[in-house]
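> Dropping in data.txt, with compact mmCIF, C-alpha atoms and all ligand atoms.
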# COMPACT_ATOMS: atom_id res chain seq x y z
CA MET A 1 127.78 105.11 12.22
CA THR A 2 131.47 105.47 13.12
CA THR A 3 132.51 108.36 15.32
CA ILE A 4 135.76 109.86 14.12
CA VAL A 5 136.03 112.83 16.46
CA GLU A 6 134.90 112.87 20.05
CA VAL A 7 135.43 115.91 22.20
CA LYS A 8 134.36 116.18 25.84
CA GLY A 9 134.58 119.31 27.98
CA LEU A 10 137.20 120.79 25.66
CA SER A 11 138.56 124.18 26.78
CA LYS A 12 141.33 126.51 25.70
CA HIS A 13 142.02 129.51 27.88
CA TYR A 14 144.48 132.32 27.26
CA GLY A 15 144.73 133.95 30.66
CA LYS A 16 141.22 135.23 31.29
CA VAL A 17 140.13 134.72 27.67
CA LYS A 18 138.07 131.56 27.33
CA ALA A 19 138.61 131.02 23.60
CA VAL A 20 136.92 127.59 23.87
CA ASP A 21 134.89 126.86 26.96
CA ASN A 22 133.79 123.35 27.94
CA VAL A 23 132.71 122.18 24.47
CA SER A 24 131.54 118.61 23.77
CA PHE A 25 130.54 117.10 20.41
CA LYS A 26 131.00 114.11 18.15
CA LEU A 27 131.70 114.00 14.43
CA GLU A 28 130.55 110.99 12.45
CA GLU A 29 132.15 109.40 9.42
CA GLY A 30 130.90 110.51 6.01
CA LYS A 31 129.16 113.78 6.82
CA ILE A 32 129.62 117.42 5.89
CA TYR A 33 129.68 119.60 8.99
CA GLY A 34 129.35 123.36 9.20
CA LEU A 35 131.36 124.90 12.03
CA LEU A 36 129.76 128.30 12.26
CA GLY A 37 129.90 131.33 14.50
CA ARG A 38 130.83 134.98 14.70
CA ASN A 39 134.35 136.41 14.58
CA GLY A 40 136.33 135.33 17.61
CA ALA A 41 133.79 132.63 18.54
CA GLY A 42 136.48 129.96 18.91
CA LYS A 43 136.16 128.01 15.63
CA THR A 44 139.80 128.24 14.55
CA THR A 45 140.94 127.38 18.07
CA ILE A 46 138.84 124.19 17.96
CA MET A 47 140.22 123.27 14.53
CA HIS A 48 143.78 123.85 15.72
CA MET A 49 143.22 121.56 18.69
CA LEU A 50 141.61 118.83 16.54
CA THR A 51 144.60 118.93 14.22
CA ALA A 52 147.14 118.87 17.08
CA GLN A 53 148.49 122.33 16.34
CA LEU A 54 147.46 123.67 19.72
CA PHE A 55 147.34 122.15 23.20
CA ARG A 56 144.07 122.26 25.08
CA THR A 57 143.77 123.69 28.57
CA SER A 58 141.45 120.87 29.65
CA GLY A 59 139.01 118.29 28.37
CA GLU A 60 139.19 115.05 26.42
CA MET A 61 139.67 114.64 22.70
CA LYS A 62 139.86 111.57 20.47
CA VAL A 63 140.42 111.76 16.72
CA PHE A 64 140.07 108.45 14.88
CA GLY A 65 139.88 106.94 18.35
CA GLU A 66 143.25 108.28 19.50
CA GLU A 67 145.00 111.30 20.94
CA PRO A 68 146.12 113.32 17.87
CA TYR A 69 149.28 114.93 19.33
CA GLU A 70 152.41 113.68 17.57
CA ASN A 71 150.33 110.78 16.31
CA GLU A 72 151.37 110.13 12.70
CA LYS A 73 148.66 107.52 12.19
CA VAL A 74 145.95 110.06 13.05
CA LEU A 75 147.50 113.12 11.43
CA LYS A 76 147.98 111.55 8.01
CA GLN A 77 144.22 111.04 7.87
CA ILE A 78 143.60 114.78 8.29
CA CYS A 79 143.86 117.58 5.76
CA PHE A 80 143.49 121.06 7.26
CA ILE A 81 143.19 123.91 4.78
CA LYS A 82 143.52 127.22 6.51
CA GLU A 83 143.19 130.74 5.31
CA SER A 84 146.75 131.70 6.21
CA GLN A 85 148.59 128.64 4.88
CA LYS A 86 152.33 129.31 4.49
CA TYR A 87 154.43 127.72 1.73
CA PRO A 88 158.19 127.49 1.33
CA GLU A 89 159.63 130.63 -0.26
CA THR A 90 160.61 129.04 -3.60
CA PHE A 91 157.50 126.88 -4.10
CA ARG A 92 155.55 127.03 -7.35
CA VAL A 93 151.97 125.75 -7.69
CA LYS A 94 153.26 122.50 -9.20
CA ASP A 95 155.62 121.99 -6.22
CA VAL A 96 152.68 122.14 -3.84
CA LEU A 97 150.92 119.48 -5.90
CA ASN A 98 154.06 117.35 -6.18
CA VAL A 99 154.70 117.21 -2.43
CA SER A 100 151.07 116.72 -1.44
CA PRO A 101 151.02 112.93 -2.00
CA LEU A 102 153.77 112.66 0.65
CA PHE A 103 151.36 114.04 3.24
CA PHE A 104 148.10 112.58 1.99
CA PRO A 105 148.03 108.83 1.25
CA ASN A 106 144.72 109.07 -0.66
CA TRP A 107 145.96 111.87 -2.97
CA ASP A 108 144.25 111.77 -6.39
CA LYS A 109 146.54 113.23 -9.02
CA GLU A 110 143.92 113.28 -11.77
CA LEU A 111 141.43 115.11 -9.60
CA ALA A 112 144.13 117.65 -8.69
CA GLN A 113 144.91 118.19 -12.39
CA SER A 114 141.30 118.69 -13.36
CA LEU A 115 140.76 121.11 -10.45
CA VAL A 116 143.85 123.08 -11.51
CA GLU A 117 142.22 123.48 -14.93
CA ASP A 118 138.83 124.36 -13.42
CA PHE A 119 140.38 127.10 -11.29
CA ARG A 120 142.75 128.17 -14.11
CA LEU A 121 145.79 127.94 -11.87
CA PRO A 122 149.21 128.72 -13.42
CA LEU A 123 151.29 125.64 -12.49
CA LYS A 124 154.66 127.30 -12.98
CA ARG A 125 153.93 130.47 -11.02
CA ARG A 126 155.53 130.93 -7.61
CA MET A 127 153.09 130.72 -4.71
CA LYS A 128 154.16 134.14 -3.44
CA LYS A 129 153.18 135.69 -6.80
CA LEU A 130 149.63 134.32 -6.78
CA SER A 131 146.63 136.56 -6.27
CA ARG A 132 144.67 136.12 -3.02
CA GLY A 133 141.92 134.19 -4.82
CA MET A 134 144.45 131.93 -6.58
CA LEU A 135 146.07 131.11 -3.23
CA SER A 136 142.67 130.09 -1.90
CA ALA A 137 142.10 127.99 -5.01
CA VAL A 138 145.36 126.09 -4.40
CA GLY A 139 144.09 125.31 -0.89
CA ILE A 140 140.83 124.04 -2.32
CA VAL A 141 142.64 121.84 -4.85
CA VAL A 142 144.79 120.34 -2.08
CA GLY A 143 141.83 119.91 0.26
CA LEU A 144 139.70 118.09 -2.32
CA ALA A 145 142.43 116.04 -4.00
CA SER A 146 143.79 114.91 -0.60
CA ARG A 147 140.62 112.83 -0.12
CA ALA A 148 141.60 112.85 3.54
CA PRO A 149 139.10 110.99 5.76
CA LEU A 150 138.85 114.21 7.80
CA THR A 151 139.13 117.30 5.63
CA ILE A 152 138.83 120.69 7.29
CA PHE A 153 138.37 123.95 5.40
CA ASP A 154 138.75 127.08 7.54
CA GLU A 155 137.36 130.01 5.52
CA PRO A 156 138.80 128.51 2.35
CA TYR A 157 137.73 131.19 -0.07
CA LEU A 158 139.23 134.48 0.86
CA GLY A 159 139.42 136.48 -2.38
CA LEU A 160 137.61 133.84 -4.45
CA ASP A 161 135.01 135.24 -6.83
CA ALA A 162 131.44 133.92 -6.94
CA VAL A 163 132.13 131.70 -9.98
CA ALA A 164 135.10 130.05 -8.25
CA ARG A 165 133.15 129.60 -5.02
CA ASN A 166 130.36 127.85 -6.91
CA LEU A 167 132.95 125.70 -8.62
CA PHE A 168 134.27 124.72 -5.19
CA TYR A 169 130.78 123.77 -3.95
CA ASP A 170 130.04 121.77 -7.13
CA ARG A 171 133.34 119.89 -7.13
CA LEU A 172 133.13 119.24 -3.41
CA LEU A 173 129.65 117.73 -3.69
CA ALA A 174 130.52 115.68 -6.77
CA ASP A 175 133.69 114.22 -5.27
CA TYR A 176 132.11 113.73 -1.85
CA GLY A 177 129.28 111.79 -3.56
CA GLU A 178 131.81 109.36 -5.01
CA HIS A 179 134.20 109.33 -2.06
CA PRO A 180 132.31 110.08 1.14
CA ARG A 181 134.48 111.37 3.98
CA THR A 182 134.07 113.75 6.88
CA ILE A 183 134.33 117.39 5.94
CA ILE A 184 134.27 120.41 8.22
CA LEU A 185 133.52 123.72 6.59
CA SER A 186 134.05 126.81 8.69
CA THR A 187 132.66 129.85 6.99
CA HIS A 188 130.76 133.08 7.36
CA LEU A 189 129.01 132.57 4.01
CA ILE A 190 126.31 130.46 5.59
CA ASP A 191 123.63 130.97 2.95
CA GLU A 192 126.02 129.85 0.22
CA VAL A 193 126.93 126.57 1.92
CA SER A 194 123.69 125.83 3.74
CA GLN A 195 122.50 123.32 1.11
CA LEU A 196 125.81 121.44 1.39
CA LEU A 197 125.77 121.02 5.13
CA GLU A 198 124.42 117.87 6.74
CA HIS A 199 125.10 118.88 10.32
CA VAL A 200 125.64 122.23 11.95
CA LEU A 201 127.73 123.20 14.98
CA VAL A 202 127.40 126.79 16.11
CA ILE A 203 130.00 128.23 18.47
CA ASP A 204 129.39 131.47 20.30
CA ALA A 205 131.83 133.11 22.70
CA GLY A 206 133.68 129.80 23.12
CA LYS A 207 130.57 127.77 23.89
CA LEU A 208 128.68 125.29 21.72
CA LEU A 209 125.33 126.92 21.05
CA LEU A 210 123.88 124.45 18.58
CA ASP A 211 124.68 120.87 17.49
CA GLU A 212 121.97 119.76 15.10
CA GLU A 213 121.28 117.96 11.82
CA ALA A 214 120.78 120.54 9.05
CA GLU A 215 117.60 118.77 7.96
CA THR A 216 116.10 119.25 11.42
CA LEU A 217 117.08 122.91 11.39
CA ARG A 218 115.51 123.58 8.01
CA GLY A 219 111.97 124.65 8.73
CA SER A 220 112.58 124.64 12.47
CA ALA A 221 112.15 128.39 12.74
CA SER A 222 109.62 130.80 11.28
CA ASN A 223 109.30 134.51 10.83
CA VAL A 224 106.06 136.01 12.08
CA VAL A 225 105.13 139.49 10.86
CA GLY A 226 102.13 141.62 11.77
CA SER A 227 100.82 144.13 14.26
CA ALA A 228 103.14 144.19 17.26
CA ALA A 229 100.40 143.43 19.81
CA LYS A 230 99.11 140.46 17.80
CA VAL A 231 102.58 139.07 17.16
CA ASP A 232 103.35 139.34 20.89
CA ALA A 233 100.13 137.56 21.80
CA PHE A 234 100.74 134.82 19.22
CA LEU A 235 104.28 134.24 20.44
CA ALA A 236 103.47 134.09 24.13
CA GLY A 237 105.19 131.02 25.63
CA LYS A 238 107.16 130.30 22.44
CA LYS A 239 110.93 130.36 22.02
CA VAL A 240 111.56 133.69 20.32
CA ILE A 241 115.11 134.29 19.12
CA HIS A 242 114.68 137.70 17.53
CA ARG A 243 112.26 140.60 17.55
CA SER A 244 112.43 143.56 15.24
CA PRO A 245 109.76 146.21 15.82
CA PHE A 246 109.05 148.90 13.23
CA GLY A 247 106.29 151.39 13.98
CA GLY A 248 103.30 149.45 15.19
CA LEU A 249 104.50 146.34 13.36
CA MET A 250 106.76 143.56 14.49
CA SER A 251 108.82 140.89 12.78
CA ALA A 252 109.84 138.06 15.10
CA THR A 253 111.68 134.80 14.64
CA VAL A 254 110.38 131.83 16.59
CA LEU A 255 112.06 128.47 17.08
CA GLY A 256 110.15 125.21 16.72
CA GLN A 257 107.71 123.89 14.14
CA LEU A 258 104.37 125.68 14.03
CA SER A 259 101.39 123.34 13.98
CA LYS A 260 98.64 123.55 11.37
CA GLN A 261 96.36 124.98 14.05
CA GLU A 262 98.86 127.65 14.98
CA ARG A 263 99.24 128.61 11.33
CA LEU A 264 95.47 128.91 10.98
CA LEU A 265 95.34 131.04 14.10
CA ALA A 266 98.10 133.27 12.71
CA ALA A 267 96.20 133.68 9.43
CA GLU A 268 93.02 134.62 11.34
CA GLN A 269 95.01 137.28 13.19
CA GLY A 270 96.33 138.67 9.89
CA LEU A 271 99.87 137.54 10.69
CA GLU A 272 102.24 136.50 7.93
CA ILE A 273 104.41 133.45 8.46
CA GLY A 274 107.55 132.96 6.40
CA PRO A 275 110.59 130.67 6.34
CA VAL A 276 113.90 131.53 8.02
CA SER A 277 117.21 130.72 6.37
CA LEU A 278 119.97 128.96 8.29
CA GLN A 279 122.00 132.17 8.12
CA GLN A 280 119.17 134.28 9.56
CA MET A 281 118.65 131.73 12.30
CA ILE A 282 122.31 131.76 13.28
CA VAL A 283 122.59 135.54 13.03
CA HIS A 284 119.63 135.85 15.41
CA MET A 285 120.93 133.20 17.79
CA THR A 286 124.39 134.71 18.04
CA GLY A 287 123.35 138.36 17.69
CA SER A 288 123.56 140.79 20.58
CA ASN A 289 120.02 140.14 21.77
CA GLY A 290 119.45 136.70 20.26
CA ASN A 291 121.00 134.74 23.07
CA ASN A 292 119.55 136.87 25.80
CA GLU A 293 116.05 136.59 24.51
CA GLU A 294 116.28 132.86 24.12
CA ALA A 295 117.70 132.52 27.60
CA ALA A 296 114.85 134.59 28.97
CA GLN A 297 112.21 132.18 27.62
N1 LIG B 301 147.15 133.22 21.09
C1 LIG B 301 146.08 133.83 21.61
N2 LIG B 301 146.19 134.61 22.70
C2 LIG B 301 145.11 135.22 23.23
N3 LIG B 301 143.86 135.12 22.74
C3 LIG B 301 143.69 134.37 21.65
C4 LIG B 301 144.79 133.67 21.02
N4 LIG B 301 144.30 132.99 19.96
C5 LIG B 301 142.98 133.24 19.92
N5 LIG B 301 142.61 134.05 20.93
C6 LIG B 301 141.25 134.55 21.22
O1 LIG B 301 140.40 133.43 21.27
C7 LIG B 301 139.12 133.76 20.75
C8 LIG B 301 138.74 132.77 19.67
O2 LIG B 301 139.54 132.97 18.52
P1 LIG B 301 139.37 132.09 17.20
O3 LIG B 301 140.48 132.49 16.27
O4 LIG B 301 139.27 130.68 17.57
O5 LIG B 301 137.97 132.61 16.64
P2 LIG B 301 137.21 132.27 15.26
O6 LIG B 301 135.86 131.76 15.65
O7 LIG B 301 138.05 131.37 14.43
O8 LIG B 301 137.10 133.71 14.62
P3 LIG B 301 137.09 134.20 13.07
O9 LIG B 301 135.76 133.81 12.50
O10 LIG B 301 137.22 135.68 13.22
O11 LIG B 301 138.26 133.55 12.39
C9 LIG B 301 139.22 135.22 20.27
O12 LIG B 301 138.72 136.03 21.31
C10 LIG B 301 140.71 135.42 20.10
O13 LIG B 301 141.05 136.76 20.30
What is this file in structure tokens?
Ligand SMILES: Nc1ncnc2c1ncn2[C@@H]1O[C@H](COP(=O)(O)OP(=O)(O)OP(=O)(O)O)[C@@H](O)[C@H]1O

Amino acid sequence: MTTIVEVKGLSKHYGKVKAVDNVSFKLEEGKIYGLLGRNGAGKTTIMHMLTAQLFRTSGEMKVFGEEPYENEKVLKQICFIKESQKYPETFRVKDVLNVSPLFFPNWDKELAQSLVEDFRLPLKRRMKKLSRGMLSAVGIVVGLASRAPLTIFDEPYLGLDAVARNLFYDRLLADYGEHPRTIILSTHLIDEVSQLLEHVLVIDAGKLLLDEEAETLRGSASNVVGSAAKVDAFLAGKKVIHRSPFGGLMSATVLGQLSKQERLLAAEQGLEIGPVSLQQMIVHMTGSNGNNEEAAQ
């Protein structure tokens, strides 16, 4: 598999603020990545460095095998759709679509047209007159129709309703199926995108907390519910990422696959074992006590 992004010891500091702190990861060709984490975790800072919009404080970074700064060859292979995209004052929707092929060599005009219809975008309306959701939809159209080998969506759906978000997921999967490329989705709507993601990177307080295939993560944590004393005894020595006591009961989230024997033991103890969604897992890992508890194990 071809590596298209390689980052080693990447840091970005603003005075004492370590927005990104010694992060290393690789992105492979033809995969959908989730870049996830809480507000202020450092996701946007990483995306800005990958797309050469921000200088790093230290570390190494290669995008398509090269340094991305002022590198036309690298930058024309990237499409970065960000929440706060600015357009020239006079631009209409159709102007955005007309200039896009100049920036994106793989631009697919037909796909753009069909997406404009899907999202019911008014081609002649000025960008500054669009609703918040319509603005997001234009970003999605550009991101998908660019067919850029590295396409990055940073919270692409501010203001988009549930129907439009589903449309985005459907069109993304369909087009990605026919034209595989590397896609980074940064979002807080983890449950909504979890089925789309093939690999997950979780950033917390500037550090990389998790770098794992989504398939491995699915089923890699369980919720154990029952009497607090029995849950505690069952979980002894296991990697617990969250505990939530209520009365004499306890609900706890444990990392790692439970064996058949352990499940039988749990059933004998009257404990209930249930699945944990990717979102729950990440919330627990990056929550106020999630990290601490894991570190304590
Ligand atoms: N120009 C700057 N000067 C000082 N601190 C900054 C600057 N830009 C970002 N930061 C800080 O760096 C940290 C990471 O910010 P970043 O925007 O990367 O987070 P994020 O994960 O994208 O958050 P969100 O999900 O809220 O968009 C935050 O603490 C932020 O306040």
> Neighbouring residues of Lys8 in chain A were defined as those with any atom within 10 Å, considering only C-alpha atoms; residues of the same chain fewer than 4 positions away were excluded. Please report them as a ChimeraX atom specification.
/A:22-26,58-62
> Could you list, as a PyMOL selection string, all residues that come within 9 Å of ligand LIG 301 (chain B)? Count all atoms listed in the file.
chain A and resi 12-20+35-48+154-155+186-188+203-206
> Point out the residue among A:Val7, A:Ser220, A:Arg147, A:Phe104 with the least atom-to-atom distance to Leu27 in chain A, counting all atoms listed in the file.
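Distance minimum relative to Leu27 in chain A lands on A:Val7.
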> Counting all atoms listed in the file, select every polymer residue within 7 Å of (138.4, 134.6, -1.8) as defined in the file's coordinates, and provide the selection as a list in words.
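Taken together, the residues in range are Arg132, Gly133, Ser136, Tyr157, Leu158, Gly159, Leu160 and Asp161 of chain A.
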> So that I can see what lies close to Glu66 in chain A, please list as a list in words the residues with an atom at most 10 Å from it, counting only C-alpha atoms and leaving out residues fewer than 5 positions away in the same chain.
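Using only C-alpha atoms, the neighbours found are Ile4, Val5, Glu6, Met61, Asn71, Lys73 and Val74 of chain A.
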> Taking (122.7, 118.8, 17.1) as a centre in this file's frame and 8 Å as the limit, can you find every polymer residue with an atom that close, using all atoms listed in the file, and give them as number ranges by chain?
A: 199-201, 210-213
